[in-house]
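Enquirer: So here's final22.cif, just mmCIF, C-alpha atoms:
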data_upload
loop_
_atom_site.label_atom_id
_atom_site.label_comp_id
_atom_site.auth_asym_id
_atom_site.auth_seq_id
_atom_site.Cartn_x
_atom_site.Cartn_y
_atom_site.Cartn_z
CA MET B 1 18.45 3.90 -81.90
CA THR B 2 22.10 4.78 -81.56
CA LYS B 3 24.48 2.74 -79.50
CA LYS B 4 24.81 5.56 -76.98
CA ARG B 5 21.06 5.75 -76.54
CA LYS B 6 20.83 1.99 -76.12
CA LEU B 7 23.48 2.07 -73.39
CA PHE B 8 21.66 4.90 -71.68
CA ALA B 9 18.38 2.97 -71.84
CA TYR B 10 20.00 -0.19 -70.49
CA GLY B 11 21.65 1.85 -67.73
CA LEU B 12 18.36 3.49 -66.83
CA VAL B 13 16.62 0.11 -66.64
CA LEU B 14 19.43 -1.29 -64.50
CA PHE B 15 19.39 1.72 -62.20
CA SER B 16 15.61 1.54 -61.85
CA THR B 17 15.86 -2.18 -61.09
CA VAL B 18 18.49 -1.58 -58.42
CA VAL B 19 16.49 1.25 -56.86
CA ALA B 20 13.31 -0.82 -56.93
CA SER B 21 15.09 -3.82 -55.45
CA PHE B 22 16.62 -1.69 -52.71
CA ALA B 23 13.29 -0.06 -51.98
CA PHE B 24 11.66 -3.47 -51.79
CA TYR B 25 14.44 -4.64 -49.47
CA LEU B 26 13.92 -1.62 -47.21
CA TRP B 27 10.18 -2.25 -47.19
CA GLN B 28 10.82 -5.85 -46.15
CA VAL B 29 13.29 -4.80 -43.47
CA TYR B 30 10.82 -2.31 -42.01
CA SER B 31 7.52 -4.07 -42.62
CA SER B 32 8.02 -7.84 -42.64
CA PRO B 33 7.41 -9.81 -39.43
CA ASN B 34 10.66 -10.03 -37.49
CA LEU B 35 9.79 -9.95 -33.79
CA ASN B 36 7.80 -12.59 -31.94
CA VAL B 37 7.45 -14.39 -35.27
CA ASP B 38 4.80 -17.12 -35.17
CA GLY B 39 4.20 -16.28 -31.49
CA LYS B 40 0.91 -17.27 -29.92
CA GLU B 41 0.59 -14.27 -27.61
CA LYS B 42 2.14 -10.88 -27.03
CA PHE B 43 5.57 -10.64 -25.46
CA VAL B 44 6.20 -7.94 -22.87
CA LEU B 45 9.59 -6.27 -23.02
CA TYR B 46 10.65 -4.51 -19.82
CA ILE B 47 13.37 -1.90 -20.12
CA PRO B 48 14.54 -0.68 -16.69
CA GLU B 49 15.98 2.76 -16.10
CA GLY B 50 19.63 2.95 -17.18
CA SER B 51 19.39 0.18 -19.77
CA THR B 52 21.59 0.23 -22.87
CA TYR B 53 20.95 -1.02 -26.38
CA ASP B 54 22.90 -4.17 -25.55
CA THR B 55 20.59 -4.73 -22.56
CA VAL B 56 17.54 -4.50 -24.80
CA LEU B 57 19.10 -6.74 -27.43
CA ASP B 58 20.11 -9.34 -24.83
CA SER B 59 16.55 -9.45 -23.50
CA LEU B 60 15.09 -9.97 -26.97
CA ARG B 61 17.71 -12.61 -27.75
CA SER B 62 17.23 -14.54 -24.53
CA HIS B 63 13.51 -14.80 -25.22
CA ARG B 64 14.12 -15.62 -28.89
CA MET B 65 12.10 -12.65 -30.03
CA ILE B 66 14.26 -11.61 -33.01
CA HIS B 67 14.09 -13.60 -36.24
CA ASN B 68 16.61 -11.53 -38.24
CA GLU B 69 18.97 -9.64 -35.96
CA ILE B 70 20.79 -7.90 -38.83
CA ALA B 71 17.55 -6.40 -40.10
CA PHE B 72 16.57 -5.30 -36.59
CA GLY B 73 19.99 -3.73 -36.08
CA PHE B 74 19.73 -1.88 -39.39
CA VAL B 75 16.41 -0.28 -38.42
CA THR B 76 17.55 0.65 -34.90
CA LYS B 77 20.62 2.35 -36.36
CA ARG B 78 18.62 4.21 -39.01
CA LYS B 79 16.14 5.44 -36.39
CA GLU B 80 18.95 6.34 -33.97
CA TYR B 81 17.43 4.14 -31.27
CA ARG B 82 20.74 2.89 -29.92
CA GLU B 83 21.50 6.29 -28.39
CA ASN B 84 17.91 6.93 -27.37
CA ILE B 85 16.89 4.10 -25.01
CA LYS B 86 13.69 4.88 -23.10
CA PRO B 87 12.72 2.74 -20.10
CA GLY B 88 9.27 1.24 -19.97
CA ARG B 89 6.98 -1.69 -20.58
CA TYR B 90 6.44 -2.48 -24.24
CA GLU B 91 4.12 -5.11 -25.67
CA ILE B 92 5.28 -6.93 -28.81
CA PRO B 93 2.38 -8.69 -30.56
CA PRO B 94 2.98 -11.82 -32.65
CA ASN B 95 4.59 -11.19 -36.05
CA SER B 96 5.54 -7.58 -35.34
CA SER B 97 7.67 -5.67 -37.82
CA ASN B 98 10.94 -3.89 -37.09
CA GLY B 99 9.45 -0.56 -38.13
CA THR B 100 6.46 -0.81 -35.79
CA ILE B 101 8.39 -1.92 -32.71
CA VAL B 102 11.47 0.27 -33.15
CA THR B 103 9.26 3.31 -33.69
CA LYS B 104 7.42 2.38 -30.51
CA LEU B 105 10.69 2.09 -28.59
CA VAL B 106 12.13 5.31 -30.01
CA ASN B 107 8.99 7.24 -29.04
CA GLY B 108 8.83 5.62 -25.61
CA SER B 109 5.23 4.62 -26.35
CA GLN B 110 4.73 2.36 -23.36
CA ASP B 111 1.83 -0.02 -22.90
CA PRO B 112 0.27 0.56 -19.48
CA VAL B 113 -0.04 -2.08 -16.79
CA LYS B 114 -3.57 -3.23 -16.08
CA LEU B 115 -3.47 -2.94 -12.31
CA THR B 116 -6.34 -4.40 -10.30
CA PHE B 117 -6.43 -4.49 -6.54
CA ASN B 118 -9.12 -5.48 -4.06
CA ASN B 119 -9.41 -7.56 -0.88
CA ILE B 120 -6.58 -5.50 0.61
CA ARG B 121 -6.39 -5.03 4.38
CA THR B 122 -3.02 -3.49 5.20
CA LYS B 123 -0.38 -1.24 3.68
CA GLU B 124 1.88 -4.25 3.35
CA ASP B 125 -0.87 -6.13 1.48
CA LEU B 126 -1.21 -3.24 -0.93
CA ALA B 127 2.55 -3.01 -1.49
CA ARG B 128 2.79 -6.73 -2.18
CA LYS B 129 -0.14 -6.57 -4.60
CA ILE B 130 1.36 -3.86 -6.77
CA GLY B 131 5.04 -4.42 -6.00
CA ASN B 132 5.56 -6.99 -8.74
CA ARG B 133 3.49 -5.04 -11.27
CA LEU B 134 5.30 -1.69 -11.23
CA ALA B 135 8.99 -0.82 -11.42
CA PHE B 136 9.45 0.87 -8.05
CA ASP B 137 10.36 -0.98 -4.85
CA SER B 138 7.17 -1.83 -2.95
CA GLN B 139 8.89 -1.15 0.37
CA ILE B 140 9.24 2.50 -0.64
CA LEU B 141 5.46 2.71 -0.88
CA VAL B 142 5.06 1.34 2.66
CA GLU B 143 7.58 3.86 3.94
CA LYS B 144 5.74 6.74 2.30
CA LEU B 145 2.39 5.61 3.69
CA ASN B 146 3.94 5.60 7.16
CA ASN B 147 5.49 9.04 6.69
CA ASP B 148 3.52 11.77 8.47
CA THR B 149 4.60 14.50 6.07
CA VAL B 150 3.73 12.51 2.95
CA VAL B 151 0.27 11.42 4.10
CA GLN B 152 -0.57 14.91 5.40
CA GLN B 153 0.24 16.35 1.99
CA LEU B 154 -2.20 13.85 0.53
CA GLY B 155 -4.87 14.98 2.99
CA PHE B 156 -4.80 12.05 5.42
CA ASN B 157 -2.95 10.67 8.42
CA LYS B 158 -1.17 7.33 8.77
CA GLU B 159 -4.36 5.60 9.95
CA THR B 160 -6.77 7.01 7.37
CA VAL B 161 -4.55 7.10 4.25
CA MET B 162 -5.72 3.66 3.12
CA ASN B 163 -9.11 5.25 2.42
CA MET B 164 -7.45 6.89 -0.57
CA PHE B 165 -6.98 3.61 -2.45
CA LEU B 166 -10.28 2.71 -4.07
CA PRO B 167 -10.34 -0.92 -5.25
CA ASP B 168 -10.69 -0.95 -9.02
CA THR B 169 -8.81 -1.59 -12.25
CA TYR B 170 -6.38 1.13 -13.28
CA PHE B 171 -4.10 1.52 -16.28
CA ILE B 172 -0.74 2.80 -15.07
CA TYR B 173 2.67 3.02 -16.70
CA TRP B 174 5.21 0.56 -15.34
CA THR B 175 7.79 3.32 -14.84
CA VAL B 176 5.52 5.44 -12.63
CA THR B 177 7.30 6.82 -9.56
CA PRO B 178 5.88 6.20 -6.06
CA GLU B 179 5.08 9.92 -5.85
CA ASP B 180 3.18 9.90 -9.15
CA PHE B 181 1.37 6.72 -8.18
CA LEU B 182 0.15 8.32 -4.95
CA GLU B 183 -0.94 11.43 -6.84
CA ARG B 184 -2.90 9.25 -9.27
CA MET B 185 -4.67 7.48 -6.40
CA GLN B 186 -5.40 10.83 -4.76
CA SER B 187 -6.90 12.05 -8.04
CA GLU B 188 -9.17 8.98 -8.27
CA TYR B 189 -10.23 9.51 -4.65
CA LYS B 190 -11.15 13.14 -5.34
CA LYS B 191 -13.16 12.11 -8.40
CA PHE B 192 -15.19 9.73 -6.26
CA TRP B 193 -15.63 12.20 -3.42
CA ASN B 194 -17.40 14.81 -5.49
CA ASP B 195 -19.57 17.56 -4.03
CA GLU B 196 -22.66 15.35 -4.02
CA ARG B 197 -21.07 12.58 -1.98
CA ARG B 198 -19.42 15.03 0.41
CA SER B 199 -22.82 16.61 0.95
CA GLN B 200 -24.32 13.15 1.62
CA ALA B 201 -21.60 12.43 4.18
CA GLN B 202 -22.23 15.74 5.91
CA SER B 203 -25.96 15.03 6.04
CA ILE B 204 -25.31 11.89 8.11
CA ASN B 205 -22.73 13.67 10.29
CA LEU B 206 -19.74 11.75 8.96
CA THR B 207 -16.57 12.87 7.22
CA PRO B 208 -15.41 11.09 4.05
CA ASP B 209 -12.72 9.36 6.14
CA GLN B 210 -15.31 8.17 8.64
CA VAL B 211 -17.50 6.92 5.81
CA GLY B 212 -14.48 5.02 4.46
CA THR B 213 -13.72 3.47 7.83
CA LEU B 214 -17.33 2.40 8.35
CA ALA B 215 -17.56 1.11 4.77
CA SER B 216 -14.50 -1.08 5.35
CA ILE B 217 -16.29 -2.66 8.30
CA VAL B 218 -19.54 -3.12 6.37
CA GLN B 219 -17.82 -4.88 3.44
CA SER B 220 -15.89 -7.06 5.89
CA GLU B 221 -19.18 -8.14 7.46
CA THR B 222 -20.99 -8.97 4.22
CA ASN B 223 -20.09 -9.48 0.59
CA LYS B 224 -23.74 -9.25 -0.38
CA LYS B 225 -24.18 -5.89 -2.09
CA ASP B 226 -27.93 -5.84 -1.47
CA GLU B 227 -27.36 -6.35 2.25
CA MET B 228 -24.65 -3.70 2.72
CA PRO B 229 -27.06 -0.76 3.24
CA VAL B 230 -28.89 -2.78 5.92
CA VAL B 231 -25.65 -3.60 7.78
CA ALA B 232 -24.56 0.03 7.43
CA GLY B 233 -27.87 1.05 9.02
CA VAL B 234 -27.15 -1.15 12.05
CA TYR B 235 -23.82 0.56 12.66
CA ILE B 236 -25.30 4.03 12.11
CA ASN B 237 -27.93 3.15 14.75
CA ARG B 238 -25.23 2.00 17.18
CA LEU B 239 -23.19 5.16 16.65
CA ALA B 240 -26.30 7.26 17.24
CA ILE B 241 -26.94 5.75 20.70
CA GLY B 242 -23.29 5.51 21.72
CA MET B 243 -23.27 1.71 21.58
CA PRO B 244 -19.96 -0.02 20.76
CA LEU B 245 -19.91 -1.24 17.17
CA GLN B 246 -18.87 -4.73 18.32
CA ALA B 247 -17.71 -5.63 14.82
CA ASP B 248 -15.88 -8.95 14.66
CA PRO B 249 -13.75 -7.95 11.64
CA THR B 250 -12.22 -5.10 13.65
CA VAL B 251 -11.12 -7.62 16.25
CA LYS B 252 -9.41 -9.73 13.59
CA PHE B 253 -7.65 -6.58 12.40
CA ALA B 254 -6.62 -5.72 15.96
CA VAL B 255 -5.28 -9.24 16.54
CA GLY B 256 -3.61 -9.29 13.13
CA ASP B 257 -5.02 -12.71 12.25
CA PHE B 258 -7.56 -12.70 9.45
CA SER B 259 -7.86 -16.48 9.37
CA ILE B 260 -9.86 -16.58 12.63
CA LYS B 261 -13.14 -18.40 12.04
CA ARG B 262 -14.62 -17.84 15.47
CA ILE B 263 -14.11 -14.84 17.75
CA LEU B 264 -13.29 -15.97 21.30
CA HIS B 265 -13.08 -14.10 24.62
CA LYS B 266 -9.29 -13.94 24.37
CA HIS B 267 -9.66 -12.06 21.09
CA LEU B 268 -12.19 -9.62 22.55
CA ALA B 269 -9.72 -8.77 25.33
CA VAL B 270 -7.07 -7.43 22.94
CA ASP B 271 -6.09 -3.88 23.84
CA SER B 272 -6.26 -1.99 20.54
CA PRO B 273 -8.05 1.12 19.27
CA TYR B 274 -9.36 -1.15 16.51
CA ASN B 275 -11.13 -3.43 18.98
CA THR B 276 -14.68 -2.12 18.72
CA TYR B 277 -15.83 -4.33 21.58
CA ARG B 278 -13.65 -2.38 24.02
CA ASN B 279 -14.00 1.04 22.41
CA THR B 280 -17.01 3.07 21.34
CA GLY B 281 -17.17 4.95 18.07
CA LEU B 282 -15.27 4.24 14.90
CA PRO B 283 -11.72 2.85 14.88
CA PRO B 284 -8.89 5.21 13.81
CA GLY B 285 -8.95 4.09 10.18
CA PRO B 286 -10.24 1.49 7.74
CA ILE B 287 -9.65 -2.21 8.33
CA ALA B 288 -9.64 -2.88 4.58
CA LEU B 289 -9.67 -0.88 1.39
CA PRO B 290 -13.26 0.41 1.19
CA GLU B 291 -14.89 -0.42 -2.11
CA ARG B 292 -17.12 2.03 -3.93
CA VAL B 293 -20.22 -0.10 -3.45
CA ALA B 294 -19.62 -0.19 0.32
CA LEU B 295 -18.97 3.55 0.46
CA ASP B 296 -22.23 4.23 -1.32
CA ALA B 297 -23.99 1.73 0.95
CA VAL B 298 -22.97 3.82 3.96
CA LEU B 299 -23.93 7.08 2.30
CA ASN B 300 -27.30 5.55 1.38
CA TYR B 301 -27.75 3.33 4.43
CA GLN B 302 -31.13 1.76 5.06
CA LYS B 303 -33.10 3.43 7.86
CA HIS B 304 -34.52 0.83 10.26
CA GLN B 305 -34.59 -0.04 13.97
CA TYR B 306 -32.09 -2.92 13.91
CA THR B 307 -29.17 -2.73 16.33
CA TYR B 308 -28.01 -6.35 16.06
CA PHE B 309 -27.28 -8.88 13.37
CA SER B 310 -25.87 -12.37 13.24
CA ALA B 311 -24.77 -14.62 10.41
CA LYS B 312 -27.51 -16.88 9.12
CA GLU B 313 -27.26 -20.49 10.17
CA ASP B 314 -27.49 -21.63 6.54
CA PHE B 315 -24.02 -20.14 5.81
CA SER B 316 -25.47 -18.29 2.85
CA GLY B 317 -23.47 -15.21 3.68
CA TYR B 318 -26.59 -13.28 4.65
CA HIS B 319 -27.58 -12.23 8.17
CA ASN B 320 -30.49 -12.30 10.57
CA PHE B 321 -31.28 -8.83 11.97
CA ALA B 322 -32.81 -7.97 15.33
CA GLU B 323 -34.11 -4.87 17.11
CA ASN B 324 -33.34 -6.09 20.63
CA PHE B 325 -30.78 -8.21 22.41
CA THR B 326 -33.18 -11.03 23.29
CA GLU B 327 -34.08 -11.56 19.66
CA HIS B 328 -30.42 -11.31 18.73
CA LEU B 329 -29.44 -14.03 21.22
CA LYS B 330 -31.89 -16.40 19.56
CA ASN B 331 -30.38 -15.67 16.13
CA ALA B 332 -26.85 -15.98 17.45
CA GLN B 333 -27.61 -19.31 19.08
CA LYS B 334 -28.81 -20.70 15.76
CA TYR B 335 -25.49 -19.74 14.19
CA GLN B 336 -23.42 -21.05 17.10
CA THR B 337 -25.22 -24.38 16.88
CA ALA B 338 -24.50 -24.55 13.15
CA LEU B 339 -20.82 -23.82 13.82
CA ASN B 340 -20.67 -26.58 16.42
CA GLU B 341 -22.32 -29.05 14.09
CA ARG B 342 -19.65 -28.30 11.47
CA GLY B 343 -16.87 -28.53 14.00
CA ILE B 344 -15.74 -24.92 13.47
CA ARG B 345 -13.82 -23.68 16.50
#
Go through the file and emit its structure as structure tokens.

Expert:
Amino acid sequence: MTKKRKLFAYGLVLFSTVVASFAFYLWQVYSSPNLNVDGKEKFVLYIPEGSTYDTVLDSLRSHRMIHNEIAFGFVTKRKEYRENIKPGRYEIPPNSSNGTIVTKLVNGSQDPVKLTFNNIRTKEDLARKIGNRLAFDSQILVEKLNNDTVVQQLGFNKETVMNMFLPDTYFIYWTVTPEDFLERMQSEYKKFWNDERRSQAQSINLTPDQVGTLASIVQSETNKKDEMPVVAGVYINRLAIGMPLQADPTVKFAVGDFSIKRILHKHLAVDSPYNTYRNTGLPPGPIALPERVALDAVLNYQKHQYTYFSAKEDFSGYHNFAENFTEHLKNAQKYQTALNERGIR
């Protein structure tokens, strides 16, 4: 082999080694763990609207998420992320690579919020529940739910609009706008109120909103799913004969105090359209977010002759039912005695 050929061979080997080393370096930069290294659980990176690359970097630094900042910076520059910041909520699993996370950030591939709400009574309750889970100001949601134009566009009024929010678990992007959030809830409501359920409501002479209002009362009276259709039947019977619903939970709603353990005469005297002791028929809107099981309990209420019910004296959460007032008084006295014995006032 001539000297020239030897030099060429050596040069080729050297060049190949350099290229291979550089390729290996790039692979390490892109693929080796560099974010949330040795972490025990995923880290959630929140990027608000208007954030800059420095904002993102500061957040990662402050939470000690970056192991090698130079490598991270190299990948963000190569992928042109610094000029392409997308707001959102991004989960960073333990031992994530630069390539995986930067690609996620560049594409704006958010991880949705797992949003669960139940046991909600008022618009303010709802706003507080979701206010710290989504990016928008919770007060804006309250304002929209009290805006006649907004709620009418959704198909409700200010009293009935809470029927639209069906308690459940939803996956929603953190950056959702209040308008888009309301549209999503309206979509879920329409899915539930399909033709079959609307037909069921019509067959019992109730509108979907009236079903929702009655369901909110039923679920406030009992948390026993097997008892809900029976309680619903009591209220259907009362509506049929023009008897006031006389539902204690509506009085608590009217008073605005849900901690009341025992309804007293002063509570029954409250002047409110939600006080079903003073007014016949259904109140103007739901007193809580009606759950699907309660809605279906109303639509499929149990047909019987009961017009009264009282909590069982064993505090099991179930009720004693009665067809007449005399029988009801006996049941009620049992419960009142049990309350007295426990010192509940």

Enquirer: Return the single residue from B:Leu206, B:Met228, B:Leu295, B:Ile85 that is closest to Glu49 in chain B, with distances computed using all atoms listed in the file.

Expert: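 When distances to Glu49 in chain B are compared using all atoms listed in the file, the smallest one comes from B:Ile85.
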
Enquirer: Any idea what's packed within 10 Å of Gly317 in chain B, counting all atoms listed in the file, ignoring anything in its chain fewer than 5 positions away? Could you give it as a list in words?

Expert: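 Everything that qualifies: Glu221, Thr222, Asn223, Lys224, Glu227, Ala311 and Lys312 of chain B.
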
Enquirer: Just to confirm, what's the straight-line distance from CA of Arg61 in chain B to CA of Phe136 in chain B in Å (one decimal)?

Expert: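 Taking CA of Arg61 in chain B and CA of Phe136 in chain B, their separation equals 25.3 Å.
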
Enquirer: Tell me which of B:Lys123, B:Arg198, B:Arg82, B:Lys330 sits closest to Asp54 in chain B, counting all atoms listed in the file.

Expert: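 Result for the nearest residue to Asp54 in chain B: B:Arg82.
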
Enquirer: Any idea what's packed within 10 Å of Lys129 in chain B, counting all atoms listed in the file, ignoring anything in its chain fewer than 3 positions away? Could you give it as a list in words?

Expert: Leu115, Thr116, Phe117, Asn118, Ile120, Lys123, Glu124, Asp125, Leu126, Asn132, Arg133, Leu134 and Ser138 of chain B

Enquirer: Once the PyMOL selection byres ((chain B and resi 111) around 9) has been evaluated on this model, what residues remain selected, and can you format them as a short mmCIF file (atom, residue, chain, number, x, y, z; two decimals) with C-alpha atoms, in the coordinates of the input?

Expert:
data_model
loop_
_atom_site.label_atom_id
_atom_site.label_comp_id
_atom_site.auth_asym_id
_atom_site.auth_seq_id
_atom_site.Cartn_x
_atom_site.Cartn_y
_atom_site.Cartn_z
CA GLY B 88 9.27 1.24 -19.97
CA ARG B 89 6.98 -1.69 -20.58
CA TYR B 90 6.44 -2.48 -24.24
CA GLU B 91 4.12 -5.11 -25.67
CA SER B 109 5.23 4.62 -26.35
CA GLN B 110 4.73 2.36 -23.36
CA PRO B 112 0.27 0.56 -19.48
CA VAL B 113 -0.04 -2.08 -16.79
CA ILE B 172 -0.74 2.80 -15.07
CA TYR B 173 2.67 3.02 -16.70
CA TRP B 174 5.21 0.56 -15.34
#

Enquirer: Between B:Tyr189, B:Tyr170, B:Tyr335, B:Tyr308, which residue has the minimum interatomic distance to Glu323 in chain B, considering all atoms listed in the file?

Expert: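 Closest to Glu323 in chain B, using all atoms listed in the file: B:Tyr308.
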
Enquirer: Quick one: of B:Ala135, B:Ile70, B:Ile101, B:Val150, who's nearest to Tyr46 in chain B, counting all atoms listed in the file?

Expert: B:Ala135

Enquirer: If the PyMOL selection byres ((chain B and resi 231-239) around 8) were run on this exact file, what residues would it hold? Put them as a list in words.

Expert: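 Evaluating the PyMOL selection byres ((chain B and resi 231-239) around 8) on this file yields Leu214, Ala215, Val218, Glu221, Thr222, Glu227, Met228, Pro229, Val230, Ala240, Ile241, Gly242, Met243, Pro244, Leu245, Gly281, Ala297, Val298, Tyr301, Gln302, Lys303, His304, Gln305, Tyr306, Thr307, Tyr308 and Phe309 of chain B.
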
Enquirer: Provide the CA of Gln200 in chain B to CA of Asn163 in chain B distance in Å, to one decimal place.

Expert: 17.2 Å

Enquirer: Need the shell around Arg197 in chain B: protein/DNA/RNA residues with any atom at most 12 Å away, counting all atoms listed in the file. Skip same-chain ones fewer than 6 positions apart. Format as an MDAnalysis selection string?

Expert: chainID B and resid 189:191 203:204 206:208 211:212 292 295:300

Enquirer: Provide the CA of Gln333 in chain B to CA of Ile260 in chain B distance in Å, to one decimal place.

Expert: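 CA of Gln333 in chain B sits 19.1 Å away from CA of Ile260 in chain B.
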
Enquirer: Given the file shown, enumerate the residues that the PyMOL selection byres ((chain B and resi 279) around 12) captures and present them as a PDB file with C-alpha atoms, keeping the file's coordinate frame.

Expert:
ATOM      1  CA  LEU B 239     -23.190   5.160  16.650  1.00  0.00           C
ATOM      2  CA  GLY B 242     -23.290   5.510  21.720  1.00  0.00           C
ATOM      3  CA  MET B 243     -23.270   1.710  21.580  1.00  0.00           C
ATOM      4  CA  PRO B 244     -19.960  -0.020  20.760  1.00  0.00           C
ATOM      5  CA  LEU B 245     -19.910  -1.240  17.170  1.00  0.00           C
ATOM      6  CA  GLN B 246     -18.870  -4.730  18.320  1.00  0.00           C
ATOM      7  CA  ALA B 247     -17.710  -5.630  14.820  1.00  0.00           C
ATOM      8  CA  THR B 250     -12.220  -5.100  13.650  1.00  0.00           C
ATOM      9  CA  VAL B 251     -11.120  -7.620  16.250  1.00  0.00           C
ATOM     10  CA  ALA B 254      -6.620  -5.720  15.960  1.00  0.00           C
ATOM     11  CA  LEU B 268     -12.190  -9.620  22.550  1.00  0.00           C
ATOM     12  CA  ALA B 269      -9.720  -8.770  25.330  1.00  0.00           C
ATOM     13  CA  VAL B 270      -7.070  -7.430  22.940  1.00  0.00           C
ATOM     14  CA  ASP B 271      -6.090  -3.880  23.840  1.00  0.00           C
ATOM     15  CA  SER B 272      -6.260  -1.990  20.540  1.00  0.00           C
ATOM     16  CA  PRO B 273      -8.050   1.120  19.270  1.00  0.00           C
ATOM     17  CA  TYR B 274      -9.360  -1.150  16.510  1.00  0.00           C
ATOM     18  CA  ASN B 275     -11.130  -3.430  18.980  1.00  0.00           C
ATOM     19  CA  THR B 276     -14.680  -2.120  18.720  1.00  0.00           C
ATOM     20  CA  TYR B 277     -15.830  -4.330  21.580  1.00  0.00           C
ATOM     21  CA  ARG B 278     -13.650  -2.380  24.020  1.00  0.00           C
ATOM     22  CA  THR B 280     -17.010   3.070  21.340  1.00  0.00           C
ATOM     23  CA  GLY B 281     -17.170   4.950  18.070  1.00  0.00           C
ATOM     24  CA  LEU B 282     -15.270   4.240  14.900  1.00  0.00           C
ATOM     25  CA  PRO B 283     -11.720   2.850  14.880  1.00  0.00           C
ATOM     26  CA  PRO B 284      -8.890   5.210  13.810  1.00  0.00           C
TER      27      PRO B 284
END

Enquirer: Residues near range 286-288 of chain B, anyone? I mean within 6 Å using all atoms listed in the file, not counting same-chain ones fewer than 4 positions away, as a list in words.

Expert: Ile120, Arg121, Thr213 and Ser216 of chain B

Enquirer: Here is a test: counting all atoms listed in the file, which residue of B:Asn320, B:Gln139, B:Ser62, B:Ser199 is nearest to Pro178 in chain B?

Expert: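 Nearest to Pro178 in chain B: B:Gln139.
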
Enquirer: Can we get range 292-339 of chain B of that structure written down with C-alpha atoms, as a PDB file, in the first residue's frame?

Expert:
ATOM      1  CA  ARG B 292     -76.900  10.833  36.281  1.00  0.00           C
ATOM      2  CA  VAL B 293     -78.122   8.159  38.684  1.00  0.00           C
ATOM      3  CA  ALA B 294     -80.590  10.625  40.238  1.00  0.00           C
ATOM      4  CA  LEU B 295     -81.775  11.823  36.834  1.00  0.00           C
ATOM      5  CA  ASP B 296     -82.465   8.260  35.775  1.00  0.00           C
ATOM      6  CA  ALA B 297     -84.150   7.593  39.123  1.00  0.00           C
ATOM      7  CA  VAL B 298     -86.657  10.350  38.351  1.00  0.00           C
ATOM      8  CA  LEU B 299     -87.187   9.172  34.795  1.00  0.00           C
ATOM      9  CA  ASN B 300     -87.733   5.633  36.104  1.00  0.00           C
ATOM     10  CA  TYR B 301     -89.406   6.511  39.401  1.00  0.00           C
ATOM     11  CA  GLN B 302     -91.103   3.772  41.370  1.00  0.00           C
ATOM     12  CA  LYS B 303     -94.895   3.850  41.152  1.00  0.00           C
ATOM     13  CA  HIS B 304     -96.462   3.518  44.612  1.00  0.00           C
ATOM     14  CA  GLN B 305     -98.954   5.271  46.913  1.00  0.00           C
ATOM     15  CA  TYR B 306     -96.456   6.892  49.289  1.00  0.00           C
ATOM     16  CA  THR B 307     -96.764  10.632  49.846  1.00  0.00           C
ATOM     17  CA  TYR B 308     -94.545  10.906  52.934  1.00  0.00           C
ATOM     18  CA  PHE B 309     -91.164   9.715  54.091  1.00  0.00           C
ATOM     19  CA  SER B 310     -88.971  10.291  57.093  1.00  0.00           C
ATOM     20  CA  ALA B 311     -85.386   9.382  57.904  1.00  0.00           C
ATOM     21  CA  LYS B 312     -85.039   6.060  59.676  1.00  0.00           C
ATOM     22  CA  GLU B 313     -84.301   6.266  63.358  1.00  0.00           C
ATOM     23  CA  ASP B 314     -81.264   3.997  62.957  1.00  0.00           C
ATOM     24  CA  PHE B 315     -79.424   6.749  61.002  1.00  0.00           C
ATOM     25  CA  SER B 316     -78.696   4.259  58.246  1.00  0.00           C
ATOM     26  CA  GLY B 317     -79.422   6.848  55.609  1.00  0.00           C
ATOM     27  CA  TYR B 318     -82.572   5.042  54.506  1.00  0.00           C
ATOM     28  CA  HIS B 319     -86.145   6.226  55.059  1.00  0.00           C
ATOM     29  CA  ASN B 320     -89.492   5.036  56.347  1.00  0.00           C
ATOM     30  CA  PHE B 321     -92.291   5.641  53.819  1.00  0.00           C
ATOM     31  CA  ALA B 322     -95.967   6.258  54.528  1.00  0.00           C
ATOM     32  CA  GLU B 323     -99.188   6.579  52.531  1.00  0.00           C
ATOM     33  CA  ASN B 324    -100.945   8.876  55.003  1.00  0.00           C
ATOM     34  CA  PHE B 325    -100.087  11.635  57.435  1.00  0.00           C
ATOM     35  CA  THR B 326    -100.959   9.650  60.566  1.00  0.00           C
ATOM     36  CA  GLU B 327     -98.517   6.909  59.658  1.00  0.00           C
ATOM     37  CA  HIS B 328     -95.944   9.529  58.739  1.00  0.00           C
ATOM     38  CA  LEU B 329     -96.235  11.231  62.138  1.00  0.00           C
ATOM     39  CA  LYS B 330     -95.401   7.944  63.836  1.00  0.00           C
ATOM     40  CA  ASN B 331     -92.305   7.523  61.650  1.00  0.00           C
ATOM     41  CA  ALA B 332     -91.269  11.128  62.166  1.00  0.00           C
ATOM     42  CA  GLN B 333     -91.619  10.827  65.928  1.00  0.00           C
ATOM     43  CA  LYS B 334     -89.248   7.868  65.945  1.00  0.00           C
ATOM     44  CA  TYR B 335     -86.644   9.972  64.151  1.00  0.00           C
ATOM     45  CA  GLN B 336     -87.205  13.032  66.351  1.00  0.00           C
ATOM     46  CA  THR B 337     -86.732  10.895  69.442  1.00  0.00           C
ATOM     47  CA  ALA B 338     -83.486   9.517  68.024  1.00  0.00           C
ATOM     48  CA  LEU B 339     -82.284  13.060  67.319  1.00  0.00           C
TER      49      LEU B 339
END
